[in-house]
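> Below is a structure I'd like to ask you about.
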Amino acid sequence: MAAAQAVEEMRSRVVLGEFGVRNVHTTDFPGNYSSYDDAWDQDRFEKNFRVDVVHMDENSLEFDMVGIDAAIANAFRRILLAEVPTMAVEKVFVYNNTSIVQDEILAHRLGLIPIHADPRLFEYRNQGDEEGTEIDTLQFRLQVRCTRNPQAAKDSSDPNELYVNHKVYTRHMTWVPLGNQADLFPEGTIRPVHDDILIAQLRPGQEIDLLMHCVKGIGKKVARIANPRLDTFSREIFRNEKLKKVVQLARVRDHYIFSVESTGVLPPDVLVSEAIKILMGKCRRFLDELEAVQMD
Amino acid sequence: MEEDQELERKISGLKTSMAEGERKTALEMVQAAGTDRHCVTFVLHEEDHTLGNSLRYMIMKNPEVEFCGYTTTHPSESKINLRIQTRGALPAVEPFQRGLTELMNVCQHVLDKFEASIKDYKDQKASRSESTL
């Protein structure tokens with residue numbers, strides 16, 4: 001009786017002991033346990049699997065996935081973080097930069113700005129293609145010059161009063177449509193996600209004049225998965241000697257809480273759908289390769 | 001993975017030629033000489049733990065597979081070695097293919113369930129805000 005319970009626990013729970021975590025790895029593979037049939041069964045998986053959405057708004061999403069293994073849940077997390085494509089500034093053509101911020105630092109900062117453009121409507125740029133066409137590139141212009149404000153009070157020391165255009169924000173970036181982009185994207189839809197990101201600061205006489213090319217690439221979104229086993233929660237119980245023996249902290253192995261926060265380009269549920277499709281795409285790619293090989 | 005002295009490298013993979021004449025092989029199969037087709041190491045290019053671990057899990061769930069493991073060769077190389085050994089004489093390509101297909105089916109099911117859940121949530125929210133008006 002106790003042995004059966006122990007086996008169940010080993011298969012389905014990750015135990016947080018006093019000094020370490022036990023039963024971390026998945027062990028339910030065929031042959032490991034004599035009385036269990038652990039071979040993959042799609043129907044059994046479909047019966048046990050469920051998704052519960054806890055909370056969703058336009059930039060963040062929290063949902064539970066129950067009945068799936070760590071390997072696959074982690075694959076989704078990794079894809080969400082690093083392989084969902086996005087449009088971002090990649091090449092910066094600097095015509096004039098007399099600000100304190102160095103060219104490369106400025107270019108680096110520009111590359112981090114999230115651009116509000118659906119990456120699914122664009123293609124990847126071909127390697128070695130310098131010019132960029134309307135199907136794979138977005139162009140932005142940033143032209144800001146700082147001047148002294150003639151109407152400022154004589155003894156003022158507030159930069160906001162003394163100077164005009166001394167802070168360069170993302171709202172100073174203007175979109176330059178290429179080809180037929182002006183017809184495809186209505187006015188105002190292609191822009192940085194936030195218009196109040198500070199890019200640089202200037203003083204009178206300094207100017208920034210540059211052109212940016214945005215291409216589709218694999219970028220980052222902010223995604224956090226609270227795997228019940230990674231979450232730390234109260235371990236106070238271990239301080240109490242008597243309770244220690246009676247209480248056991250354990251987590252269910254196949255229940256995962258996903259918390260996805262988007263940078264604003266795509267809504268978080270679209271991000272998760274895209275991530276799942278990307279994993280399917282990877283599998284399909286290798287299946288096609290195998291087929292091609294077998295035909296030789 | 002140890003190298004046999006007479007390692008017979010069977011490079012079978014789709015060679016797609018790019019505009020500049022580059023060769024890009026996405027998948028290679030390496031087999032030690034003297035063994036038959038039931039122990040094979042697959043080299044998957046441009047892949048990492050994302051596909052490696054999930055694929056390993058699906059292949060291990062196959063009762064015909066005696067051994068399945070993967071490693072990343074080096075952090076600066078983006079490829080993985082996935083080794084499959086089968087019981088009996090089943091060619092190793094078969095569990096590999098089956099693992100890929102099953103992983104695709106899992107993803108499809110997850111996608112369907114997820115989209116259904118999202119839709120339910122949105123409908124519920126819509127009807128809740130309607131009823132409070």
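Residues in the structure tokens are numbered from 1 in each chain, the chains being A, B, ... in the order shown, and ligands are numbered from 1 in the order shown.
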Within 7 Å of chain B, which residues of chain A are there when counting only C-alpha atoms? Please give them as an mmCIF file with all heavy atoms, in the first residue's frame.

```cif
data_model
loop_
_atom_site.group_PDB
_atom_site.id
_atom_site.type_symbol
_atom_site.label_atom_id
_atom_site.label_comp_id
_atom_site.auth_asym_id
_atom_site.auth_seq_id
_atom_site.Cartn_x
_atom_site.Cartn_y
_atom_site.Cartn_z
ATOM 1 N N PHE A 29 8.821 6.615 -18.398
ATOM 2 C CA PHE A 29 9.085 6.082 -19.725
ATOM 3 C C PHE A 29 8.790 4.593 -19.729
ATOM 4 O O PHE A 29 8.871 3.944 -18.699
ATOM 5 C CB PHE A 29 10.543 6.330 -20.119
ATOM 6 C CG PHE A 29 10.848 7.795 -20.274
ATOM 7 C CD1 PHE A 29 11.743 8.428 -19.435
ATOM 8 C CD2 PHE A 29 10.224 8.542 -21.253
ATOM 9 C CE1 PHE A 29 12.027 9.770 -19.572
ATOM 10 C CE2 PHE A 29 10.492 9.885 -21.403
ATOM 11 C CZ PHE A 29 11.393 10.500 -20.553
ATOM 12 N N PRO A 30 8.476 4.037 -20.907
ATOM 13 C CA PRO A 30 8.084 2.622 -20.926
ATOM 14 C C PRO A 30 9.211 1.728 -20.428
ATOM 15 O O PRO A 30 10.358 1.874 -20.797
ATOM 16 C CB PRO A 30 7.790 2.330 -22.403
ATOM 17 C CG PRO A 30 8.047 3.545 -23.146
ATOM 18 C CD PRO A 30 8.363 4.646 -22.237
ATOM 19 N N ASP A 38 3.498 3.028 -20.019
ATOM 20 C CA ASP A 38 3.892 4.415 -20.199
ATOM 21 C C ASP A 38 4.154 4.792 -21.635
ATOM 22 O O ASP A 38 4.656 5.859 -21.902
ATOM 23 C CB ASP A 38 5.168 4.698 -19.381
ATOM 24 C CG ASP A 38 4.851 4.773 -17.910
ATOM 25 O OD1 ASP A 38 3.749 5.277 -17.594
ATOM 26 O OD2 ASP A 38 5.680 4.345 -17.103
ATOM 27 N N ALA A 39 3.862 3.894 -22.542
ATOM 28 C CA ALA A 39 4.098 4.243 -23.944
ATOM 29 C C ALA A 39 3.223 5.441 -24.308
ATOM 30 O O ALA A 39 2.174 5.672 -23.714
ATOM 31 C CB ALA A 39 3.782 3.064 -24.840
ATOM 32 N N TRP A 40 3.669 6.192 -25.292
ATOM 33 C CA TRP A 40 2.938 7.402 -25.666
ATOM 34 C C TRP A 40 1.573 7.046 -26.228
ATOM 35 O O TRP A 40 1.432 6.243 -27.122
ATOM 36 C CB TRP A 40 3.743 8.192 -26.696
ATOM 37 C CG TRP A 40 3.005 9.404 -27.109
ATOM 38 C CD1 TRP A 40 2.337 9.623 -28.272
ATOM 39 C CD2 TRP A 40 2.789 10.557 -26.309
ATOM 40 N NE1 TRP A 40 1.739 10.845 -28.267
ATOM 41 C CE2 TRP A 40 1.999 11.447 -27.067
ATOM 42 C CE3 TRP A 40 3.182 10.947 -25.034
ATOM 43 C CZ2 TRP A 40 1.609 12.689 -26.591
ATOM 44 C CZ3 TRP A 40 2.791 12.187 -24.562
ATOM 45 C CH2 TRP A 40 2.010 13.032 -25.335
ATOM 46 N N ARG A 50 -5.389 19.927 -20.348
ATOM 47 C CA ARG A 50 -6.300 21.063 -20.437
ATOM 48 C C ARG A 50 -5.553 22.377 -20.254
ATOM 49 O O ARG A 50 -4.453 22.422 -19.710
ATOM 50 C CB ARG A 50 -7.439 20.930 -19.423
ATOM 51 C CG ARG A 50 -7.055 20.966 -17.990
ATOM 52 C CD ARG A 50 -8.300 21.113 -17.117
ATOM 53 N NE ARG A 50 -7.965 21.822 -15.904
ATOM 54 C CZ ARG A 50 -7.499 21.239 -14.807
ATOM 55 N NH1 ARG A 50 -7.356 19.928 -14.771
ATOM 56 N NH2 ARG A 50 -7.182 21.963 -13.750
ATOM 57 N N VAL A 51 -6.163 23.431 -20.754
ATOM 58 C CA VAL A 51 -5.605 24.769 -20.643
ATOM 59 C C VAL A 51 -6.648 25.630 -19.943
ATOM 60 O O VAL A 51 -7.798 25.681 -20.369
ATOM 61 C CB VAL A 51 -5.314 25.368 -22.032
ATOM 62 C CG1 VAL A 51 -4.873 26.805 -21.906
ATOM 63 C CG2 VAL A 51 -4.263 24.557 -22.743
ATOM 64 N N ASP A 52 -6.243 26.314 -18.872
ATOM 65 C CA ASP A 52 -7.173 27.214 -18.173
ATOM 66 C C ASP A 52 -6.602 28.609 -18.192
ATOM 67 O O ASP A 52 -5.509 28.832 -17.679
ATOM 68 C CB ASP A 52 -7.344 26.784 -16.702
ATOM 69 C CG ASP A 52 -7.837 25.371 -16.580
ATOM 70 O OD1 ASP A 52 -8.747 24.998 -17.352
ATOM 71 O OD2 ASP A 52 -7.318 24.631 -15.731
ATOM 72 N N VAL A 53 -7.319 29.555 -18.770
ATOM 73 C CA VAL A 53 -6.844 30.937 -18.778
ATOM 74 C C VAL A 53 -7.265 31.593 -17.474
ATOM 75 O O VAL A 53 -8.437 31.627 -17.128
ATOM 76 C CB VAL A 53 -7.441 31.716 -19.964
ATOM 77 C CG1 VAL A 53 -6.990 33.152 -19.921
ATOM 78 C CG2 VAL A 53 -7.031 31.065 -21.258
ATOM 79 N N ALA A 71 9.490 18.944 -20.610
ATOM 80 C CA ALA A 71 10.302 19.168 -21.809
ATOM 81 C C ALA A 71 9.549 20.024 -22.818
ATOM 82 O O ALA A 71 10.106 20.937 -23.418
ATOM 83 C CB ALA A 71 10.687 17.828 -22.433
ATOM 84 N N ILE A 72 8.268 19.720 -23.007
ATOM 85 C CA ILE A 72 7.512 20.447 -24.023
ATOM 86 C C ILE A 72 7.118 21.833 -23.514
ATOM 87 O O ILE A 72 7.199 22.822 -24.249
ATOM 88 C CB ILE A 72 6.290 19.619 -24.442
ATOM 89 C CG1 ILE A 72 6.776 18.241 -24.889
ATOM 90 C CG2 ILE A 72 5.545 20.294 -25.565
ATOM 91 C CD1 ILE A 72 5.692 17.306 -25.245
ATOM 92 N N ALA A 75 10.028 23.935 -23.911
ATOM 93 C CA ALA A 75 10.263 24.291 -25.312
ATOM 94 C C ALA A 75 9.417 25.506 -25.683
ATOM 95 O O ALA A 75 9.901 26.435 -26.342
ATOM 96 C CB ALA A 75 9.938 23.108 -26.225
ATOM 97 N N ARG A 78 11.010 28.601 -24.148
ATOM 98 C CA ARG A 78 12.220 29.028 -24.854
ATOM 99 C C ARG A 78 11.870 29.711 -26.165
ATOM 100 O O ARG A 78 12.486 30.702 -26.544
ATOM 101 C CB ARG A 78 13.129 27.825 -25.127
ATOM 102 C CG ARG A 78 13.813 27.278 -23.897
ATOM 103 C CD ARG A 78 14.573 26.019 -24.243
ATOM 104 N NE ARG A 78 15.664 26.301 -25.152
ATOM 105 C CZ ARG A 78 16.928 26.468 -24.792
ATOM 106 N NH1 ARG A 78 17.246 26.380 -23.515
ATOM 107 N NH2 ARG A 78 17.855 26.704 -25.672
ATOM 108 N N SER A 273 0.304 31.386 -29.506
ATOM 109 C CA SER A 273 -0.068 30.607 -30.692
ATOM 110 C C SER A 273 1.089 30.534 -31.672
ATOM 111 O O SER A 273 1.382 29.468 -32.230
ATOM 112 C CB SER A 273 -1.269 31.236 -31.400
ATOM 113 O OG SER A 273 -2.356 31.324 -30.536
ATOM 114 N N ILE A 276 3.731 28.043 -30.516
ATOM 115 C CA ILE A 276 3.371 26.641 -30.747
ATOM 116 C C ILE A 276 3.550 26.309 -32.224
ATOM 117 O O ILE A 276 4.082 25.247 -32.583
ATOM 118 C CB ILE A 276 1.929 26.368 -30.286
ATOM 119 C CG1 ILE A 276 1.769 26.728 -28.815
ATOM 120 C CG2 ILE A 276 1.564 24.923 -30.502
ATOM 121 C CD1 ILE A 276 0.364 26.589 -28.291
ATOM 122 N N MET A 280 5.929 23.439 -34.200
ATOM 123 C CA MET A 280 5.422 22.533 -35.234
ATOM 124 C C MET A 280 6.241 22.683 -36.513
ATOM 125 O O MET A 280 6.556 21.707 -37.192
ATOM 126 C CB MET A 280 3.956 22.848 -35.550
ATOM 127 C CG MET A 280 3.032 22.320 -34.507
ATOM 128 S SD MET A 280 1.362 22.070 -35.095
ATOM 129 C CE MET A 280 0.840 23.735 -35.344
ATOM 130 N N CYS A 283 9.440 20.709 -36.363
ATOM 131 C CA CYS A 283 9.241 19.275 -36.588
ATOM 132 C C CYS A 283 9.024 19.012 -38.070
ATOM 133 O O CYS A 283 9.605 18.084 -38.644
ATOM 134 C CB CYS A 283 8.026 18.771 -35.833
ATOM 135 S SG CYS A 283 8.204 18.861 -34.063
ATOM 136 N N LEU A 287 10.917 16.509 -40.721
ATOM 137 C CA LEU A 287 10.178 15.449 -41.401
ATOM 138 C C LEU A 287 10.368 15.566 -42.904
ATOM 139 O O LEU A 287 10.562 14.559 -43.601
ATOM 140 C CB LEU A 287 8.689 15.538 -41.052
ATOM 141 C CG LEU A 287 8.320 14.913 -39.706
ATOM 142 C CD1 LEU A 287 6.875 15.217 -39.360
ATOM 143 C CD2 LEU A 287 8.526 13.411 -39.754
ATOM 144 N N GLU A 289 12.936 16.891 -44.413
ATOM 145 C CA GLU A 289 14.311 16.490 -44.702
ATOM 146 C C GLU A 289 14.404 14.970 -44.789
ATOM 147 O O GLU A 289 15.029 14.424 -45.689
ATOM 148 C CB GLU A 289 15.245 16.939 -43.575
ATOM 149 C CG GLU A 289 15.429 18.416 -43.462
ATOM 150 C CD GLU A 289 16.590 18.894 -44.280
ATOM 151 O OE1 GLU A 289 17.420 18.080 -44.687
ATOM 152 O OE2 GLU A 289 16.656 20.107 -44.519
ATOM 153 N N ALA A 292 12.902 13.695 -47.951
ATOM 154 C CA ALA A 292 13.753 13.966 -49.105
ATOM 155 C C ALA A 292 14.923 12.988 -49.138
ATOM 156 O O ALA A 292 15.316 12.501 -50.197
ATOM 157 C CB ALA A 292 14.262 15.394 -49.053
ATOM 158 N N VAL A 293 15.485 12.710 -47.965
ATOM 159 C CA VAL A 293 16.611 11.780 -47.903
ATOM 160 C C VAL A 293 16.186 10.395 -48.326
ATOM 161 O O VAL A 293 16.882 9.699 -49.065
ATOM 162 C CB VAL A 293 17.181 11.742 -46.470
ATOM 163 C CG1 VAL A 293 18.091 10.556 -46.292
ATOM 164 C CG2 VAL A 293 17.914 13.023 -46.182
#
```
> Give me the residues near stretch 79-85 of chain A as a VMD selection string, where near means some atom within 12 Å (using only C-alpha atoms) and where sequence neighbours in that chain fewer than 5 positions away do not count.
(chain A and resid 72 to 74 114 to 115 117 to 124 215 to 225 258 to 263 265 to 266 268 to 282) or (chain B and resid 47 to 51)
> Would you output that residue set with N, CA and C atoms, as a compact mmCIF listing (two decimals), in the first residue's frame?

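As a result, part_22.txt now contains:
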```txt
# COMPACT_ATOMS: atom_id res chain seq x y z
N ILE A 72 8.27 19.72 -23.01
CA ILE A 72 7.51 20.45 -24.02
C ILE A 72 7.12 21.83 -23.51
N ALA A 73 6.74 21.92 -22.24
CA ALA A 73 6.40 23.23 -21.69
C ALA A 73 7.61 24.16 -21.77
N ASN A 74 8.78 23.60 -21.46
CA ASN A 74 9.98 24.41 -21.53
C ASN A 74 10.30 24.83 -22.96
N PRO A 114 10.89 48.62 -29.32
CA PRO A 114 9.90 47.76 -29.98
C PRO A 114 9.12 48.54 -31.03
N ILE A 115 8.98 47.94 -32.20
CA ILE A 115 8.32 48.60 -33.32
C ILE A 115 6.95 47.97 -33.52
N ALA A 117 4.63 46.73 -35.54
CA ALA A 117 4.34 46.28 -36.91
C ALA A 117 4.20 44.78 -36.82
N ASP A 118 3.15 44.23 -37.39
CA ASP A 118 2.92 42.79 -37.28
C ASP A 118 3.97 42.04 -38.09
N PRO A 119 4.85 41.29 -37.43
CA PRO A 119 5.93 40.63 -38.18
C PRO A 119 5.44 39.57 -39.16
N ARG A 120 4.20 39.09 -38.97
CA ARG A 120 3.70 38.07 -39.89
C ARG A 120 3.43 38.64 -41.27
N LEU A 121 3.36 39.97 -41.39
CA LEU A 121 3.10 40.56 -42.69
C LEU A 121 4.37 40.83 -43.47
N PHE A 122 5.53 40.48 -42.87
CA PHE A 122 6.80 40.76 -43.51
C PHE A 122 7.57 39.49 -43.72
N GLU A 123 8.51 39.55 -44.68
CA GLU A 123 9.39 38.41 -44.93
C GLU A 123 10.73 38.66 -44.27
N TYR A 124 11.50 37.59 -44.13
CA TYR A 124 12.87 37.76 -43.69
C TYR A 124 13.68 38.33 -44.84
N VAL A 215 14.19 45.28 -39.79
CA VAL A 215 13.93 44.03 -40.49
C VAL A 215 13.31 43.04 -39.52
N LYS A 216 12.86 41.93 -40.10
CA LYS A 216 12.26 40.89 -39.27
C LYS A 216 13.37 40.01 -38.74
N GLY A 217 13.32 39.77 -37.46
CA GLY A 217 14.34 38.91 -36.89
C GLY A 217 13.78 38.21 -35.68
N ILE A 218 14.60 37.33 -35.13
CA ILE A 218 14.15 36.63 -33.93
C ILE A 218 14.49 37.50 -32.75
N GLY A 219 13.48 38.03 -32.10
CA GLY A 219 13.74 38.97 -31.01
C GLY A 219 13.27 38.41 -29.71
N LYS A 220 13.14 39.25 -28.77
CA LYS A 220 12.77 38.77 -27.45
C LYS A 220 11.47 39.40 -26.98
N LYS A 221 10.66 38.59 -26.35
CA LYS A 221 9.52 39.12 -25.63
C LYS A 221 9.75 38.77 -24.18
N VAL A 222 9.06 39.43 -23.32
CA VAL A 222 9.23 39.08 -21.92
C VAL A 222 8.26 37.97 -21.59
N ALA A 223 8.78 36.84 -21.20
CA ALA A 223 7.89 35.73 -20.86
C ALA A 223 8.40 35.05 -19.61
N ARG A 224 7.54 34.79 -18.73
CA ARG A 224 7.94 34.12 -17.51
C ARG A 224 7.03 32.94 -17.29
N ILE A 225 7.60 31.81 -17.00
CA ILE A 225 6.75 30.68 -16.67
C ILE A 225 7.00 30.34 -15.23
N PHE A 258 1.82 29.56 -16.82
CA PHE A 258 2.54 30.44 -17.73
C PHE A 258 2.10 31.87 -17.50
N SER A 259 3.08 32.76 -17.46
CA SER A 259 2.73 34.16 -17.32
C SER A 259 3.46 34.91 -18.43
N VAL A 260 2.75 35.39 -19.42
CA VAL A 260 3.37 35.97 -20.60
C VAL A 260 3.09 37.46 -20.65
N GLU A 261 4.16 38.23 -20.80
CA GLU A 261 3.98 39.67 -20.89
C GLU A 261 4.54 40.13 -22.24
N SER A 262 3.74 40.81 -23.02
CA SER A 262 4.19 41.17 -24.36
C SER A 262 4.81 42.55 -24.39
N THR A 263 5.71 42.81 -25.35
CA THR A 263 6.27 44.15 -25.48
C THR A 263 5.28 45.10 -26.14
N VAL A 265 3.85 44.61 -29.30
CA VAL A 265 3.71 44.48 -30.75
C VAL A 265 2.56 43.55 -31.09
N LEU A 266 2.55 42.40 -30.44
CA LEU A 266 1.48 41.43 -30.69
C LEU A 266 0.83 41.11 -29.36
N PRO A 268 -0.54 38.94 -26.26
CA PRO A 268 0.14 37.76 -25.73
C PRO A 268 -0.45 36.44 -26.19
N ASP A 269 -1.76 36.37 -26.45
CA ASP A 269 -2.29 35.08 -26.89
C ASP A 269 -1.82 34.76 -28.31
N VAL A 270 -1.63 35.79 -29.13
CA VAL A 270 -1.07 35.56 -30.46
C VAL A 270 0.36 35.07 -30.35
N LEU A 271 1.11 35.63 -29.39
CA LEU A 271 2.49 35.20 -29.18
C LEU A 271 2.55 33.72 -28.86
N VAL A 272 1.67 33.26 -27.96
CA VAL A 272 1.72 31.85 -27.58
C VAL A 272 1.34 30.97 -28.76
N SER A 273 0.30 31.39 -29.51
CA SER A 273 -0.07 30.61 -30.69
C SER A 273 1.09 30.53 -31.67
N GLU A 274 1.74 31.65 -31.90
CA GLU A 274 2.88 31.65 -32.83
C GLU A 274 3.97 30.73 -32.33
N ALA A 275 4.23 30.75 -31.02
CA ALA A 275 5.29 29.91 -30.46
C ALA A 275 4.99 28.44 -30.72
N ILE A 276 3.73 28.04 -30.52
CA ILE A 276 3.37 26.64 -30.75
C ILE A 276 3.55 26.31 -32.22
N LYS A 277 3.15 27.25 -33.09
CA LYS A 277 3.30 26.98 -34.52
C LYS A 277 4.77 26.87 -34.92
N ILE A 278 5.63 27.64 -34.24
CA ILE A 278 7.05 27.57 -34.56
C ILE A 278 7.61 26.19 -34.21
N LEU A 279 7.18 25.64 -33.07
CA LEU A 279 7.66 24.30 -32.72
C LEU A 279 7.18 23.28 -33.75
N MET A 280 5.93 23.44 -34.20
CA MET A 280 5.42 22.53 -35.23
C MET A 280 6.24 22.68 -36.51
N GLY A 281 6.60 23.94 -36.83
CA GLY A 281 7.39 24.18 -38.03
C GLY A 281 8.74 23.49 -37.96
N LYS A 282 9.35 23.49 -36.79
CA LYS A 282 10.64 22.81 -36.65
C LYS A 282 10.50 21.32 -36.94
N GLU B 47 19.74 23.85 -34.24
CA GLU B 47 18.77 23.47 -33.22
C GLU B 47 19.43 23.46 -31.85
N ASP B 48 18.62 23.54 -30.81
CA ASP B 48 19.18 23.52 -29.45
C ASP B 48 18.23 22.76 -28.53
N HIS B 49 18.31 23.04 -27.23
CA HIS B 49 17.50 22.28 -26.28
C HIS B 49 16.01 22.39 -26.56
N THR B 50 15.61 23.47 -27.22
CA THR B 50 14.18 23.65 -27.47
C THR B 50 13.59 22.44 -28.17
N LEU B 51 14.18 22.08 -29.31
CA LEU B 51 13.66 20.90 -30.00
C LEU B 51 14.25 19.64 -29.42
```
> Please list as an NGL selection string every residue within 9 Å of A:Thr98, counting only C-alpha atoms and excluding residues in the same chain fewer than 5 positions away.
:A and (202 or 205-208)
> Rounded to one decimal place, report the atom CA of A:Thr147-atom CA of A:Pro204 distance in Å.
4.3 Å
> What is the atom CA of A:Asn48 to atom CA of A:Tyr36 distance in Å?
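Taking atom CA of A:Asn48 as the start and atom CA of A:Tyr36 as the end point, the length is 16.3 Å.
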> Mind checking DSSP for stretch 6-163 of chain A and telling me the strand (DSSP E or B) residues as a PyMOL selection string?
chain A and resi 13-16+21-22+50-56+60-66+85-97+115-116+137-145+147-148+163
> Please run DSSP on the backbone and report, as number ranges by chain, all residues within stretch 57-125 of chain B that come out as helix (DSSP H, G or I).
B: 57-60, 93-125
> Go ahead and dump the residues you just picked, C-alpha atoms, as a CSV table (one decimal), in the first residue's frame.

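Dumped to result02.csv:
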```csv
chain,number,residue,atom,x,y,z
B,57,TYR,CA,11.0,13.0,-24.5
B,58,MET,CA,8.7,11.9,-27.3
B,59,ILE,CA,11.1,9.3,-28.6
B,60,MET,CA,11.7,7.9,-25.2
B,93,VAL,CA,15.1,6.4,-38.5
B,94,GLU,CA,11.6,5.1,-37.7
B,95,PRO,CA,11.4,6.2,-34.0
B,96,PHE,CA,12.9,9.5,-35.1
B,97,GLN,CA,10.2,10.0,-37.6
B,98,ARG,CA,7.5,8.8,-35.3
B,99,GLY,CA,8.8,11.1,-32.5
B,100,LEU,CA,8.6,14.1,-34.9
B,101,THR,CA,5.1,13.3,-36.0
B,102,GLU,CA,3.9,12.7,-32.5
B,103,LEU,CA,5.4,16.0,-31.3
B,104,MET,CA,3.6,17.7,-34.1
B,105,ASN,CA,0.4,16.2,-33.1
B,106,VAL,CA,0.9,17.2,-29.5
B,107,CYS,CA,1.6,20.8,-30.6
B,108,GLN,CA,-1.5,20.8,-32.8
B,109,HIS,CA,-3.6,19.6,-29.9
B,110,VAL,CA,-2.1,22.1,-27.5
B,111,LEU,CA,-2.8,24.9,-30.0
B,112,ASP,CA,-6.4,23.9,-30.5
B,113,LYS,CA,-7.1,23.6,-26.8
B,114,PHE,CA,-5.3,26.9,-26.1
B,115,GLU,CA,-7.2,28.8,-28.8
B,116,ALA,CA,-10.5,27.3,-27.5
B,117,SER,CA,-9.7,28.4,-24.0
B,118,ILE,CA,-8.8,31.9,-25.1
B,119,LYS,CA,-12.0,32.1,-27.0
B,120,ASP,CA,-14.0,30.9,-24.0
B,121,TYR,CA,-12.3,33.4,-21.8
B,122,LYS,CA,-13.0,36.3,-24.2
B,123,ASP,CA,-16.7,35.2,-24.6
B,124,GLN,CA,-17.1,35.0,-20.8
B,125,LYS,CA,-15.6,38.4,-20.3
```
> Go through A:Ala6, A:Val15, A:Val21, A:Ile257 one by one, measure the shortest atom-to-atom distance of each to A:Phe63 using only C-alpha atoms, and give the residue with the smallest value.
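Among A:Ala6, A:Val15, A:Val21, A:Ile257, it is A:Ile257 that comes nearest to A:Phe63.
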> Near A:Ser12, counting only C-alpha atoms, which residues have an atom at most 8 Å away, once you skip same-chain residues fewer than 5 positions from it, shown as a PyMOL selection string?
chain A and resi 252-254
> Selection from above, N, CA, C and O atoms, as a PDB file, in the first residue's frame, can you write it?

```pdb
ATOM      1  N   VAL A 252       2.865  19.258  -8.057  1.00  0.00           N
ATOM      2  CA  VAL A 252       2.400  18.367  -9.109  1.00  0.00           C
ATOM      3  C   VAL A 252       3.282  18.566 -10.326  1.00  0.00           C
ATOM      4  O   VAL A 252       3.514  19.677 -10.775  1.00  0.00           O
ATOM      5  N   ARG A 253       3.760  17.470 -10.863  1.00  0.00           N
ATOM      6  CA  ARG A 253       4.792  17.545 -11.889  1.00  0.00           C
ATOM      7  C   ARG A 253       4.310  18.137 -13.196  1.00  0.00           C
ATOM      8  O   ARG A 253       5.022  18.845 -13.868  1.00  0.00           O
ATOM      9  N   ASP A 254       3.085  17.845 -13.572  1.00  0.00           N
ATOM     10  CA  ASP A 254       2.713  18.228 -14.927  1.00  0.00           C
ATOM     11  C   ASP A 254       1.755  19.399 -14.981  1.00  0.00           C
ATOM     12  O   ASP A 254       0.992  19.550 -15.917  1.00  0.00           O
TER      13      ASP A 254
END
```
